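**Q** Here it is: the structure, laid out below.
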Amino acid sequence: MAWPPFFAQSLSLGNPGSGVAICLLWTPQERVLPALNPDEYALVGNLYSRDGISFMLRTLLARPTIRTILLCGKDMTGSGTALLDLWEGQDAVRLHPEIPPAAVDLVRQNVTLHDARDLVRPEEIAALLHTLHCPAQPFAPAAQEFPYAEPVAASLPAAACGLLVRAATVREAYLHLIWNVLSFGVHGGTQHSSNQREILDVLTVVSAEPGDPAAFSHAEWMPFTRASLGERLPNGGYSGYLGQILTANPAEGVSYTYGARLRTFDGQIDQVAAICADLRSAATSRRALAVLWNPHQDAGSANPPCLNLVQARLRPAPGEATPRLFLTVYFRSHDIFRAWPANAYALRALQALIAEELGGVELGDLAILSHSAHIYAHDWEAAAELLAQHYRPQNPRLIHDQRGAFVIVLEPPVISVRHYSPAGEHLQTFRGNSARELSRQIAPYIGEMSHALYLGQELQKAEIALALGRPDSFHQDRPLTLES
Ligand SMILES: O=c1ccn([C@H]2C[C@H](O)[C@@H](COP(=O)(O)O)O2)c(=O)[nH]1
């Protein structure tokens with residue numbers, strides 16, 4: 001059996017006859033090892049995370065001759081404190097479930113932890129080690145090894161609030177949203193019977209969904225039919241769900257419609273007409289706004305509207321001269337799986353209707369801010385199945401960075417990086433000696449994660465070509481040509 005069984009490359013072996021292991025926490029081994037006498041320890045390693053404690057136990061049990069652990073080095077993330085807590089009998093650390101409690105007890109009872117946390121000076125660690133005379137002495141009759149299963153996390157860590165999702169169409173955005181809520185949504189109860197996963201304040205920006213309902217990106221696998229969404233009628237009206245949002249016609253079986261709130265607020269105000277009038281009188285207006293929350297009716301109501309605010313803006317898109325019509329909406333509560341796409345299509349139709357009223361302006365982005373973006377527990381399985389069938393992560397090379405492009409050129413002894421706008425205008429130039437230095441300089445100007453990863457790889461290639469004295473071997477987007 002190979003020992004150590006895990007992370008062997010990250011551990012330094014000394015004298016198998018010693019019963020001492022040194023845990024350096026976050027302090028680099030290469031700083032400390034030169035000062036130590038390798039006869040005086042069996043093993044030196046780090047402990048960066050709480051998960052590492054399980055691997056430490058596995059290593060000790062796989063060759064049960066280590067009787068003292070010298071715990072020193074910088075305790076950056078509290079992993080050292082967690083280790084001590086475990087030795088003191090607390091159950092605060094989640095250990096790998098395959099390690100039986102009896103095996104954990106065996107280690108705790110037979111291996112002494114020598115607490116010298118935050119001792120970082122190599123000479124001081126060496127001096128302390130010298131005082132710990134502890135030969136290898138078995139504390140168990142045989143080695144114990146346990147199976148190891150990769151973890152499957154139920155929910156991944158993320159910021160408490162705020163997520164930006166960009167997509168060309170409602171269909172594409174819908175799949176991204178489901179993936180995000182299932183992956184990062186916080187589990188919790190609701191006022192309804194089912195539990196949910198929820199992200200707070202998700203801003204979804206849809207840039208290229210057609211405004212004409214006949215051309216919507218609807219797919220037959222969405223949880224509502226194309227027929228129920230409705231269409232534009234020859235008389236200028238709308239049928240189905242579109243009718244409920246764009247017209248004041250009452251709908252059967254619902255206590256209110258968004259259309260009634262938009263078109264006849266408090267029984268009288270046509271807020272869509274008001275938005276159009278406002279933008280017609282002042283194209284730069286920031287006051288073209290409709291509210292759907294009516295305090296007279298909604299405070300304390302059992303069924304208040306989820307869509308609360310709609311704002312329209314006329315503004316040219318970057319690099320363009322003529323204004324487009326942008327629409328931003330706010331939902332206090334959004335059922336991402338069942339309601340989001342139908343809401344999004346109807347709002348795109350509303351955006352198109354306002355643009356048409358304003359003389360046929362082009363559509364800008366539709367921005368939907370969902371305060372509570374959730375998927376109910378009874379839909380988790382169907383939502384996951386939908387992803388399995390239809391969600392393909394985007395090819396990072398095809399994601400367009402609206403903050404521009406970077407061209408890397410070697411000008412020995414420096415690397416130069418030219419920043420261009422999406423329209424090809426040269427904006428600024430950065431110069432530096434290493435990939436790390438340039439990464440730091442350009443990071444604030446990169447708009448997409450995939451673009452940052454790509455540039456990191458290209459910069460590293462440029463640095464290697466420079467270090468090898470072969471600047472000719474570097475061409476951005478091509479492998480290094482070192483053979484010739
Ligand atoms: O246009 C709508 C109407 C309703 N809902 C969902 C959001 C919530 O899941 C539920 C309303 O529940 P409360 O937030 O009021 O508890 O309906 C939407 O997502 N969009």
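Labels for the structure tokens follow display order: chains A, B, ..., residues from 1 in each chain, ligands from 1.
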Please report, as a PyMOL selection string, each residue of region 174-408 of chain A to which DSSP assigns helix (DSSP H, G or I) when run on this structure's backbone.
**A** chain A and resi 174-184+213-215+226-229+240-246+258-263+271-281+295-298+340-357+377-390+396-398
**Q** Can you list, as an mmCIF file with all heavy atoms, in the first residue's frame, every residue of region 371-446 of chain A that DSSP puts in strand (DSSP E or B)?
**A**
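Produced file states05.cif, reproduced below:
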data_model
loop_
_atom_site.group_PDB
_atom_site.id
_atom_site.type_symbol
_atom_site.label_atom_id
_atom_site.label_comp_id
_atom_site.auth_asym_id
_atom_site.auth_seq_id
_atom_site.Cartn_x
_atom_site.Cartn_y
_atom_site.Cartn_z
ATOM 1 N N HIS A 371 -36.396 40.113 -7.656
ATOM 2 C CA HIS A 371 -35.891 40.181 -6.270
ATOM 3 C C HIS A 371 -35.771 38.779 -5.679
ATOM 4 O O HIS A 371 -34.708 38.356 -5.275
ATOM 5 C CB HIS A 371 -36.776 41.068 -5.406
ATOM 6 C CG HIS A 371 -36.442 40.916 -3.948
ATOM 7 N ND1 HIS A 371 -35.234 41.323 -3.451
ATOM 8 C CD2 HIS A 371 -37.112 40.328 -2.928
ATOM 9 C CE1 HIS A 371 -35.170 41.011 -2.161
ATOM 10 N NE2 HIS A 371 -36.297 40.402 -1.825
ATOM 11 N N SER A 372 -36.895 38.052 -5.616
ATOM 12 C CA SER A 372 -36.815 36.662 -5.173
ATOM 13 C C SER A 372 -36.929 35.782 -6.409
ATOM 14 O O SER A 372 -38.014 35.605 -6.957
ATOM 15 C CB SER A 372 -37.956 36.333 -4.203
ATOM 16 O OG SER A 372 -38.104 34.922 -4.115
ATOM 17 N N ALA A 373 -35.780 35.269 -6.874
ATOM 18 C CA ALA A 373 -35.792 34.371 -8.041
ATOM 19 C C ALA A 373 -35.776 32.957 -7.491
ATOM 20 O O ALA A 373 -34.773 32.521 -6.932
ATOM 21 C CB ALA A 373 -34.578 34.637 -8.915
ATOM 22 N N HIS A 374 -36.908 32.247 -7.604
ATOM 23 C CA HIS A 374 -37.001 30.949 -6.926
ATOM 24 C C HIS A 374 -37.546 29.847 -7.825
ATOM 25 O O HIS A 374 -38.207 30.108 -8.827
ATOM 26 C CB HIS A 374 -37.877 31.072 -5.664
ATOM 27 C CG HIS A 374 -39.221 31.688 -5.927
ATOM 28 N ND1 HIS A 374 -39.510 33.007 -5.636
ATOM 29 C CD2 HIS A 374 -40.357 31.188 -6.476
ATOM 30 C CE1 HIS A 374 -40.749 33.275 -5.988
ATOM 31 N NE2 HIS A 374 -41.292 32.184 -6.509
ATOM 32 N N ILE A 375 -37.239 28.618 -7.425
ATOM 33 C CA ILE A 375 -37.877 27.432 -8.027
ATOM 34 C C ILE A 375 -38.368 26.572 -6.873
ATOM 35 O O ILE A 375 -37.618 26.277 -5.930
ATOM 36 C CB ILE A 375 -36.894 26.638 -8.925
ATOM 37 C CG1 ILE A 375 -36.441 27.507 -10.113
ATOM 38 C CG2 ILE A 375 -37.548 25.360 -9.437
ATOM 39 C CD1 ILE A 375 -35.469 26.824 -11.072
ATOM 40 N N TYR A 376 -39.642 26.184 -6.924
ATOM 41 C CA TYR A 376 -40.245 25.392 -5.849
ATOM 42 C C TYR A 376 -39.757 23.950 -5.878
ATOM 43 O O TYR A 376 -39.447 23.411 -6.958
ATOM 44 C CB TYR A 376 -41.769 25.414 -5.968
ATOM 45 C CG TYR A 376 -42.367 26.775 -5.681
ATOM 46 C CD1 TYR A 376 -42.946 27.537 -6.684
ATOM 47 C CD2 TYR A 376 -42.341 27.311 -4.387
ATOM 48 C CE1 TYR A 376 -43.486 28.789 -6.429
ATOM 49 C CE2 TYR A 376 -42.876 28.566 -4.123
ATOM 50 C CZ TYR A 376 -43.441 29.296 -5.136
ATOM 51 O OH TYR A 376 -43.959 30.535 -4.864
ATOM 52 N N ALA A 405 -11.704 44.117 -26.746
ATOM 53 C CA ALA A 405 -10.774 43.018 -27.027
ATOM 54 C C ALA A 405 -9.355 43.451 -26.672
ATOM 55 O O ALA A 405 -9.067 44.645 -26.564
ATOM 56 C CB ALA A 405 -10.862 42.660 -28.505
ATOM 57 N N PHE A 406 -8.450 42.467 -26.485
ATOM 58 C CA PHE A 406 -7.066 42.758 -26.120
ATOM 59 C C PHE A 406 -6.134 42.039 -27.088
ATOM 60 O O PHE A 406 -6.315 40.856 -27.364
ATOM 61 C CB PHE A 406 -6.791 42.294 -24.684
ATOM 62 C CG PHE A 406 -7.605 43.039 -23.658
ATOM 63 C CD1 PHE A 406 -8.902 42.647 -23.362
ATOM 64 C CD2 PHE A 406 -7.085 44.163 -23.024
ATOM 65 C CE1 PHE A 406 -9.672 43.338 -22.437
ATOM 66 C CE2 PHE A 406 -7.853 44.862 -22.098
ATOM 67 C CZ PHE A 406 -9.143 44.448 -21.801
ATOM 68 N N VAL A 407 -5.158 42.761 -27.584
ATOM 69 C CA VAL A 407 -4.193 42.179 -28.516
ATOM 70 C C VAL A 407 -2.824 42.163 -27.828
ATOM 71 O O VAL A 407 -2.344 43.195 -27.352
ATOM 72 C CB VAL A 407 -4.145 42.986 -29.834
ATOM 73 C CG1 VAL A 407 -3.041 42.451 -30.746
ATOM 74 C CG2 VAL A 407 -5.493 42.907 -30.537
ATOM 75 N N ILE A 408 -2.235 40.958 -27.753
ATOM 76 C CA ILE A 408 -0.967 40.791 -27.034
ATOM 77 C C ILE A 408 0.182 40.715 -28.037
ATOM 78 O O ILE A 408 0.148 39.914 -28.973
ATOM 79 C CB ILE A 408 -1.006 39.490 -26.192
ATOM 80 C CG1 ILE A 408 -2.208 39.527 -25.246
ATOM 81 C CG2 ILE A 408 0.301 39.302 -25.425
ATOM 82 C CD1 ILE A 408 -2.510 38.193 -24.587
ATOM 83 N N VAL A 409 1.172 41.564 -27.836
ATOM 84 C CA VAL A 409 2.333 41.593 -28.733
ATOM 85 C C VAL A 409 3.588 41.581 -27.879
ATOM 86 O O VAL A 409 3.646 42.242 -26.837
ATOM 87 C CB VAL A 409 2.320 42.893 -29.585
ATOM 88 C CG1 VAL A 409 3.487 42.902 -30.562
ATOM 89 C CG2 VAL A 409 1.013 43.037 -30.342
ATOM 90 N N LEU A 410 4.613 40.836 -28.314
ATOM 91 C CA LEU A 410 5.872 40.833 -27.568
ATOM 92 C C LEU A 410 6.784 41.924 -28.106
ATOM 93 O O LEU A 410 7.052 41.974 -29.309
ATOM 94 C CB LEU A 410 6.552 39.469 -27.687
ATOM 95 C CG LEU A 410 5.892 38.357 -26.879
ATOM 96 C CD1 LEU A 410 6.736 37.094 -26.901
ATOM 97 C CD2 LEU A 410 5.682 38.792 -25.444
ATOM 98 N N GLU A 411 7.234 42.778 -27.192
ATOM 99 C CA GLU A 411 8.206 43.812 -27.539
ATOM 100 C C GLU A 411 9.344 43.676 -26.540
ATOM 101 O O GLU A 411 9.393 44.410 -25.556
ATOM 102 C CB GLU A 411 7.558 45.205 -27.421
ATOM 103 C CG GLU A 411 6.454 45.461 -28.427
ATOM 104 C CD GLU A 411 5.655 46.730 -28.109
ATOM 105 O OE1 GLU A 411 5.904 47.369 -27.059
ATOM 106 O OE2 GLU A 411 4.772 47.062 -28.912
ATOM 107 N N VAL A 414 9.541 43.583 -22.927
ATOM 108 C CA VAL A 414 8.211 43.658 -22.302
ATOM 109 C C VAL A 414 7.138 42.985 -23.156
ATOM 110 O O VAL A 414 7.316 42.753 -24.350
ATOM 111 C CB VAL A 414 7.766 45.125 -22.013
ATOM 112 C CG1 VAL A 414 8.679 45.803 -21.032
ATOM 113 C CG2 VAL A 414 7.637 45.904 -23.301
ATOM 114 N N ILE A 415 6.023 42.711 -22.456
ATOM 115 C CA ILE A 415 4.814 42.246 -23.141
ATOM 116 C C ILE A 415 3.926 43.479 -23.244
ATOM 117 O O ILE A 415 3.757 44.199 -22.258
ATOM 118 C CB ILE A 415 4.087 41.157 -22.320
ATOM 119 C CG1 ILE A 415 5.034 40.000 -21.981
ATOM 120 C CG2 ILE A 415 2.850 40.661 -23.043
ATOM 121 C CD1 ILE A 415 4.472 39.014 -20.951
ATOM 122 N N SER A 416 3.355 43.707 -24.435
ATOM 123 C CA SER A 416 2.459 44.850 -24.571
ATOM 124 C C SER A 416 1.051 44.351 -24.897
ATOM 125 O O SER A 416 0.880 43.401 -25.674
ATOM 126 C CB SER A 416 3.044 45.800 -25.628
ATOM 127 O OG SER A 416 2.101 46.094 -26.584
ATOM 128 N N VAL A 417 0.074 44.970 -24.258
ATOM 129 C CA VAL A 417 -1.321 44.557 -24.469
ATOM 130 C C VAL A 417 -2.128 45.772 -24.900
ATOM 131 O O VAL A 417 -2.226 46.752 -24.161
ATOM 132 C CB VAL A 417 -1.932 43.941 -23.184
ATOM 133 C CG1 VAL A 417 -3.375 43.548 -23.422
ATOM 134 C CG2 VAL A 417 -1.130 42.744 -22.721
ATOM 135 N N ARG A 418 -2.679 45.709 -26.114
ATOM 136 C CA ARG A 418 -3.474 46.830 -26.636
ATOM 137 C C ARG A 418 -4.955 46.522 -26.445
ATOM 138 O O ARG A 418 -5.413 45.440 -26.787
ATOM 139 C CB ARG A 418 -3.165 47.046 -28.119
ATOM 140 C CG ARG A 418 -1.727 47.518 -28.343
ATOM 141 C CD ARG A 418 -1.265 47.175 -29.745
ATOM 142 N NE ARG A 418 -1.863 48.034 -30.759
ATOM 143 C CZ ARG A 418 -1.341 49.194 -31.160
ATOM 144 N NH1 ARG A 418 -0.204 49.608 -30.627
ATOM 145 N NH2 ARG A 418 -1.924 49.901 -32.089
ATOM 146 N N HIS A 419 -5.662 47.501 -25.897
ATOM 147 C CA HIS A 419 -7.098 47.353 -25.599
ATOM 148 C C HIS A 419 -7.900 48.064 -26.697
ATOM 149 O O HIS A 419 -7.694 49.246 -26.939
ATOM 150 C CB HIS A 419 -7.374 47.972 -24.217
ATOM 151 C CG HIS A 419 -8.801 47.881 -23.775
ATOM 152 N ND1 HIS A 419 -9.303 48.602 -22.723
ATOM 153 C CD2 HIS A 419 -9.848 47.140 -24.231
ATOM 154 C CE1 HIS A 419 -10.588 48.321 -22.554
ATOM 155 N NE2 HIS A 419 -10.933 47.441 -23.461
ATOM 156 N N TYR A 420 -8.807 47.297 -27.362
ATOM 157 C CA TYR A 420 -9.634 47.844 -28.439
ATOM 158 C C TYR A 420 -11.115 47.823 -28.048
ATOM 159 O O TYR A 420 -11.552 46.887 -27.371
ATOM 160 C CB TYR A 420 -9.475 47.015 -29.720
ATOM 161 C CG TYR A 420 -8.115 47.169 -30.354
ATOM 162 C CD1 TYR A 420 -7.062 46.347 -29.970
ATOM 163 C CD2 TYR A 420 -7.894 48.148 -31.320
ATOM 164 C CE1 TYR A 420 -5.798 46.503 -30.546
ATOM 165 C CE2 TYR A 420 -6.643 48.302 -31.898
ATOM 166 C CZ TYR A 420 -5.607 47.487 -31.506
ATOM 167 O OH TYR A 420 -4.364 47.643 -32.068
ATOM 168 N N HIS A 426 -8.618 51.788 -30.973
ATOM 169 C CA HIS A 426 -7.549 51.534 -29.994
ATOM 170 C C HIS A 426 -7.739 52.474 -28.804
ATOM 171 O O HIS A 426 -7.726 53.694 -28.951
ATOM 172 C CB HIS A 426 -6.175 51.757 -30.663
ATOM 173 C CG HIS A 426 -5.038 51.473 -29.737
ATOM 174 N ND1 HIS A 426 -3.768 51.935 -29.959
ATOM 175 C CD2 HIS A 426 -4.966 50.766 -28.586
ATOM 176 C CE1 HIS A 426 -2.966 51.531 -28.991
ATOM 177 N NE2 HIS A 426 -3.682 50.826 -28.134
ATOM 178 N N LEU A 427 -7.925 51.914 -27.608
ATOM 179 C CA LEU A 427 -8.297 52.721 -26.444
ATOM 180 C C LEU A 427 -7.111 53.023 -25.529
ATOM 181 O O LEU A 427 -6.977 54.128 -25.008
ATOM 182 C CB LEU A 427 -9.367 51.989 -25.622
ATOM 183 C CG LEU A 427 -10.642 51.594 -26.369
ATOM 184 C CD1 LEU A 427 -11.466 50.626 -25.544
ATOM 185 C CD2 LEU A 427 -11.455 52.835 -26.685
ATOM 186 N N GLN A 428 -6.286 52.010 -25.263
ATOM 187 C CA GLN A 428 -5.154 52.197 -24.347
ATOM 188 C C GLN A 428 -4.199 51.005 -24.495
ATOM 189 O O GLN A 428 -4.560 49.978 -25.071
ATOM 190 C CB GLN A 428 -5.634 52.294 -22.887
ATOM 191 C CG GLN A 428 -6.559 51.172 -22.456
ATOM 192 C CD GLN A 428 -7.125 51.369 -21.042
ATOM 193 O OE1 GLN A 428 -6.566 52.093 -20.241
ATOM 194 N NE2 GLN A 428 -8.223 50.708 -20.754
ATOM 195 N N THR A 429 -2.957 51.190 -23.990
ATOM 196 C CA THR A 429 -1.959 50.117 -24.078
ATOM 197 C C THR A 429 -1.367 49.868 -22.696
ATOM 198 O O THR A 429 -1.130 50.810 -21.936
ATOM 199 C CB THR A 429 -0.834 50.500 -25.062
ATOM 200 O OG1 THR A 429 -1.426 50.812 -26.319
ATOM 201 C CG2 THR A 429 0.165 49.369 -25.248
ATOM 202 N N PHE A 430 -1.182 48.606 -22.362
ATOM 203 C CA PHE A 430 -0.548 48.227 -21.093
ATOM 204 C C PHE A 430 0.792 47.562 -21.398
ATOM 205 O O PHE A 430 0.925 46.861 -22.403
ATOM 206 C CB PHE A 430 -1.431 47.228 -20.340
ATOM 207 C CG PHE A 430 -2.833 47.720 -20.104
ATOM 208 C CD1 PHE A 430 -3.838 47.468 -21.031
ATOM 209 C CD2 PHE A 430 -3.142 48.463 -18.965
ATOM 210 C CE1 PHE A 430 -5.125 47.923 -20.821
ATOM 211 C CE2 PHE A 430 -4.429 48.929 -18.755
ATOM 212 C CZ PHE A 430 -5.418 48.658 -19.681
ATOM 213 N N ARG A 431 1.769 47.761 -20.513
ATOM 214 C CA ARG A 431 3.063 47.094 -20.706
ATOM 215 C C ARG A 431 3.535 46.518 -19.387
ATOM 216 O O ARG A 431 3.319 47.109 -18.322
ATOM 217 C CB ARG A 431 4.116 48.086 -21.225
ATOM 218 C CG ARG A 431 3.858 48.483 -22.649
ATOM 219 C CD ARG A 431 4.961 49.295 -23.292
ATOM 220 N NE ARG A 431 4.596 49.570 -24.681
ATOM 221 C CZ ARG A 431 3.779 50.559 -25.043
ATOM 222 N NH1 ARG A 431 3.270 51.367 -24.150
ATOM 223 N NH2 ARG A 431 3.464 50.715 -26.316
ATOM 224 N N GLY A 432 4.169 45.343 -19.462
ATOM 225 C CA GLY A 432 4.677 44.728 -18.231
ATOM 226 C C GLY A 432 5.600 43.580 -18.572
ATOM 227 O O GLY A 432 5.716 43.190 -19.738
#
**Q** May I ask for the distance between CA of Leu95 (chain A) and CA of Leu83 (chain A), given in Å to one decimal place?
**A**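 These atoms are spaced 11.0 Å apart.
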**Q** What's around Ile336 (chain A) at 12 Å? Count only C-alpha atoms, leave out sequence neighbours fewer than 6 positions away in its own chain, and write the answer as a ChimeraX atom specification.
**A** /A:170,173-182,185,196-199,202,204,222-223,342-344,368-376,379-380,383
**Q** Measure the distance from CA of Arg348 (chain A) to CA of Glu209 (chain A) in Å and round it to one decimal.
**A**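 CA of Glu209 (chain A) lies 7.5 Å from CA of Arg348 (chain A).
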**Q** Mind running chain A against ligand 1 at 8 Å and telling me each contacting residue's nearest atom pair with the distance in Å (one decimal), counting only C-alpha atoms and all ligand atoms, chain and number ascending, as a tab-separated table?
**A**
residue	atom	partner	partner_atom_place_in_ligand_line	distance
A:Thr190	CA	ligand 1	16 (O)	7.0
A:Gln191	CA	ligand 1	16 (O)	5.7
A:His192	CA	ligand 1	16 (O)	6.6
A:Ala302	CA	ligand 1	15 (O)	7.4
A:Asn303	CA	ligand 1	15 (O)	5.8
A:Pro304	CA	ligand 1	15 (O)	6.1
A:Pro305	CA	ligand 1	3 (C)	6.5
A:Cys306	CA	ligand 1	3 (C)	5.0
A:Leu307	CA	ligand 1	1 (O)	6.0
A:Phe331	CA	ligand 1	20 (N)	7.6
A:Arg332	CA	ligand 1	14 (O)	7.1
A:Ser333	CA	ligand 1	14 (O)	4.7
A:His334	CA	ligand 1	19 (O)	3.4
A:Asp335	CA	ligand 1	19 (O)	3.7
A:Ile336	CA	ligand 1	19 (O)	6.4
A:Arg338	CA	ligand 1	19 (O)	7.1
A:Ala339	CA	ligand 1	19 (O)	4.7
A:Trp340	CA	ligand 1	19 (O)	5.9
A:Asn343	CA	ligand 1	1 (O)	5.9
A:Ser372	CA	ligand 1	14 (O)	7.9
A:His374	CA	ligand 1	9 (O)	7.0
A:Ile375	CA	ligand 1	9 (O)	7.7
A:Tyr376	CA	ligand 1	9 (O)	7.7
**Q** Take the selection from the previous step and output its residues with N, CA and C atoms, as a PDB file, in the first residue's frame.
**A**
ATOM      1  N   THR A 190     -41.352  28.799   2.280  1.00  0.00           N
ATOM      2  CA  THR A 190     -42.076  29.913   1.665  1.00  0.00           C
ATOM      3  C   THR A 190     -43.442  30.012   2.341  1.00  0.00           C
ATOM      4  N   GLN A 191     -44.233  31.013   1.945  1.00  0.00           N
ATOM      5  CA  GLN A 191     -45.591  31.116   2.494  1.00  0.00           C
ATOM      6  C   GLN A 191     -46.524  30.083   1.866  1.00  0.00           C
ATOM      7  N   HIS A 192     -46.017  29.396   0.824  1.00  0.00           N
ATOM      8  CA  HIS A 192     -46.817  28.368   0.174  1.00  0.00           C
ATOM      9  C   HIS A 192     -46.397  27.006   0.711  1.00  0.00           C
ATOM     10  N   ALA A 302     -54.133  38.877  -0.339  1.00  0.00           N
ATOM     11  CA  ALA A 302     -53.648  37.496  -0.390  1.00  0.00           C
ATOM     12  C   ALA A 302     -52.918  37.248  -1.701  1.00  0.00           C
ATOM     13  N   ASN A 303     -53.118  38.096  -2.680  1.00  0.00           N
ATOM     14  CA  ASN A 303     -52.578  37.809  -4.004  1.00  0.00           C
ATOM     15  C   ASN A 303     -52.121  39.093  -4.705  1.00  0.00           C
ATOM     16  N   PRO A 304     -51.106  39.752  -4.136  1.00  0.00           N
ATOM     17  CA  PRO A 304     -50.666  41.022  -4.743  1.00  0.00           C
ATOM     18  C   PRO A 304     -49.794  40.772  -5.977  1.00  0.00           C
ATOM     19  N   PRO A 305     -49.698  41.753  -6.877  1.00  0.00           N
ATOM     20  CA  PRO A 305     -48.942  41.525  -8.124  1.00  0.00           C
ATOM     21  C   PRO A 305     -47.458  41.269  -7.881  1.00  0.00           C
ATOM     22  N   CYS A 306     -46.892  40.391  -8.715  1.00  0.00           N
ATOM     23  CA  CYS A 306     -45.461  40.086  -8.612  1.00  0.00           C
ATOM     24  C   CYS A 306     -44.649  41.081  -9.421  1.00  0.00           C
ATOM     25  N   LEU A 307     -45.224  41.540 -10.546  1.00  0.00           N
ATOM     26  CA  LEU A 307     -44.570  42.580 -11.357  1.00  0.00           C
ATOM     27  C   LEU A 307     -44.975  43.928 -10.780  1.00  0.00           C
ATOM     28  N   PHE A 331     -39.655  42.621 -10.531  1.00  0.00           N
ATOM     29  CA  PHE A 331     -40.568  41.643  -9.927  1.00  0.00           C
ATOM     30  C   PHE A 331     -40.171  41.456  -8.470  1.00  0.00           C
ATOM     31  N   ARG A 332     -41.109  41.612  -7.546  1.00  0.00           N
ATOM     32  CA  ARG A 332     -40.790  41.378  -6.126  1.00  0.00           C
ATOM     33  C   ARG A 332     -40.564  39.892  -5.887  1.00  0.00           C
ATOM     34  N   SER A 333     -41.228  39.045  -6.688  1.00  0.00           N
ATOM     35  CA  SER A 333     -41.199  37.604  -6.475  1.00  0.00           C
ATOM     36  C   SER A 333     -41.342  36.929  -7.829  1.00  0.00           C
ATOM     37  N   HIS A 334     -40.439  35.971  -8.150  1.00  0.00           N
ATOM     38  CA  HIS A 334     -40.456  35.405  -9.495  1.00  0.00           C
ATOM     39  C   HIS A 334     -40.263  33.898  -9.488  1.00  0.00           C
ATOM     40  N   ASP A 335     -41.261  33.189  -9.943  1.00  0.00           N
ATOM     41  CA  ASP A 335     -41.168  31.733 -10.087  1.00  0.00           C
ATOM     42  C   ASP A 335     -40.429  31.471 -11.408  1.00  0.00           C
ATOM     43  N   ILE A 336     -39.134  31.171 -11.282  1.00  0.00           N
ATOM     44  CA  ILE A 336     -38.288  31.086 -12.473  1.00  0.00           C
ATOM     45  C   ILE A 336     -38.713  29.941 -13.389  1.00  0.00           C
ATOM     46  N   ARG A 338     -41.780  28.216 -13.621  1.00  0.00           N
ATOM     47  CA  ARG A 338     -43.127  28.228 -14.205  1.00  0.00           C
ATOM     48  C   ARG A 338     -43.513  29.545 -14.864  1.00  0.00           C
ATOM     49  N   ALA A 339     -43.058  30.687 -14.296  1.00  0.00           N
ATOM     50  CA  ALA A 339     -43.606  31.964 -14.766  1.00  0.00           C
ATOM     51  C   ALA A 339     -42.624  32.847 -15.538  1.00  0.00           C
ATOM     52  N   TRP A 340     -41.315  32.733 -15.244  1.00  0.00           N
ATOM     53  CA  TRP A 340     -40.360  33.698 -15.807  1.00  0.00           C
ATOM     54  C   TRP A 340     -40.439  33.838 -17.325  1.00  0.00           C
ATOM     55  N   ASN A 343     -43.623  35.641 -18.519  1.00  0.00           N
ATOM     56  CA  ASN A 343     -43.513  37.059 -18.147  1.00  0.00           C
ATOM     57  C   ASN A 343     -42.574  37.780 -19.112  1.00  0.00           C
ATOM     58  N   SER A 372     -36.895  38.052  -5.616  1.00  0.00           N
ATOM     59  CA  SER A 372     -36.815  36.662  -5.173  1.00  0.00           C
ATOM     60  C   SER A 372     -36.929  35.782  -6.409  1.00  0.00           C
ATOM     61  N   HIS A 374     -36.908  32.247  -7.604  1.00  0.00           N
ATOM     62  CA  HIS A 374     -37.001  30.949  -6.926  1.00  0.00           C
ATOM     63  C   HIS A 374     -37.546  29.847  -7.825  1.00  0.00           C
ATOM     64  N   ILE A 375     -37.239  28.618  -7.425  1.00  0.00           N
ATOM     65  CA  ILE A 375     -37.877  27.432  -8.027  1.00  0.00           C
ATOM     66  C   ILE A 375     -38.368  26.572  -6.873  1.00  0.00           C
ATOM     67  N   TYR A 376     -39.642  26.184  -6.924  1.00  0.00           N
ATOM     68  CA  TYR A 376     -40.245  25.392  -5.849  1.00  0.00           C
ATOM     69  C   TYR A 376     -39.757  23.950  -5.878  1.00  0.00           C
TER      70      TYR A 376
END
**Q** Near Asp212 (chain A), within 10 Å and counting only C-alpha atoms, which residues show up once chain neighbours fewer than 2 positions away are dropped, as a PyMOL selection string?
**A** chain A and resi 209-210+214-216+231-232+345+348-349+352-353
**Q** Those selected residues, please, written with C-alpha atoms and delivered as a PDB file, in the first residue's frame.
**A**
ATOM      1  CA  GLU A 209     -35.365  38.423 -28.532  1.00  0.00           C
ATOM      2  CA  PRO A 210     -37.624  39.417 -31.466  1.00  0.00           C
ATOM      3  CA  ALA A 214     -44.868  35.408 -34.136  1.00  0.00           C
ATOM      4  CA  ALA A 215     -41.061  35.122 -34.017  1.00  0.00           C
ATOM      5  CA  PHE A 216     -40.629  34.457 -30.236  1.00  0.00           C
ATOM      6  CA  GLU A 231     -50.533  36.236 -30.486  1.00  0.00           C
ATOM      7  CA  ARG A 232     -51.151  39.576 -32.073  1.00  0.00           C
ATOM      8  CA  TYR A 345     -42.124  37.194 -23.584  1.00  0.00           C
ATOM      9  CA  ARG A 348     -40.796  41.960 -24.729  1.00  0.00           C
ATOM     10  CA  ALA A 349     -44.129  42.380 -26.561  1.00  0.00           C
ATOM     11  CA  ALA A 352     -42.196  46.333 -28.918  1.00  0.00           C
ATOM     12  CA  LEU A 353     -45.618  47.947 -28.556  1.00  0.00           C
TER      13      LEU A 353
END
**Q** Quick one: residues within 10 Å of Gln311 (chain A), only C-alpha atoms, excluding same-chain residues fewer than 4 positions away - as a list in words?
**A**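 Final neighbour list, sorted by chain and number: Ile275, Arg286, Arg287, Ala288, Leu289, Ala290, Val291, Phe326, Leu327, Thr328, Val329, Tyr330, Gln351 and Ala367 of chain A.
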**Q** Please compute the CA of Gly230 (chain A)-CA of Phe265 (chain A) distance, one decimal, in Å.
**A**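 CA of Gly230 (chain A) sits 23.2 Å away from CA of Phe265 (chain A).
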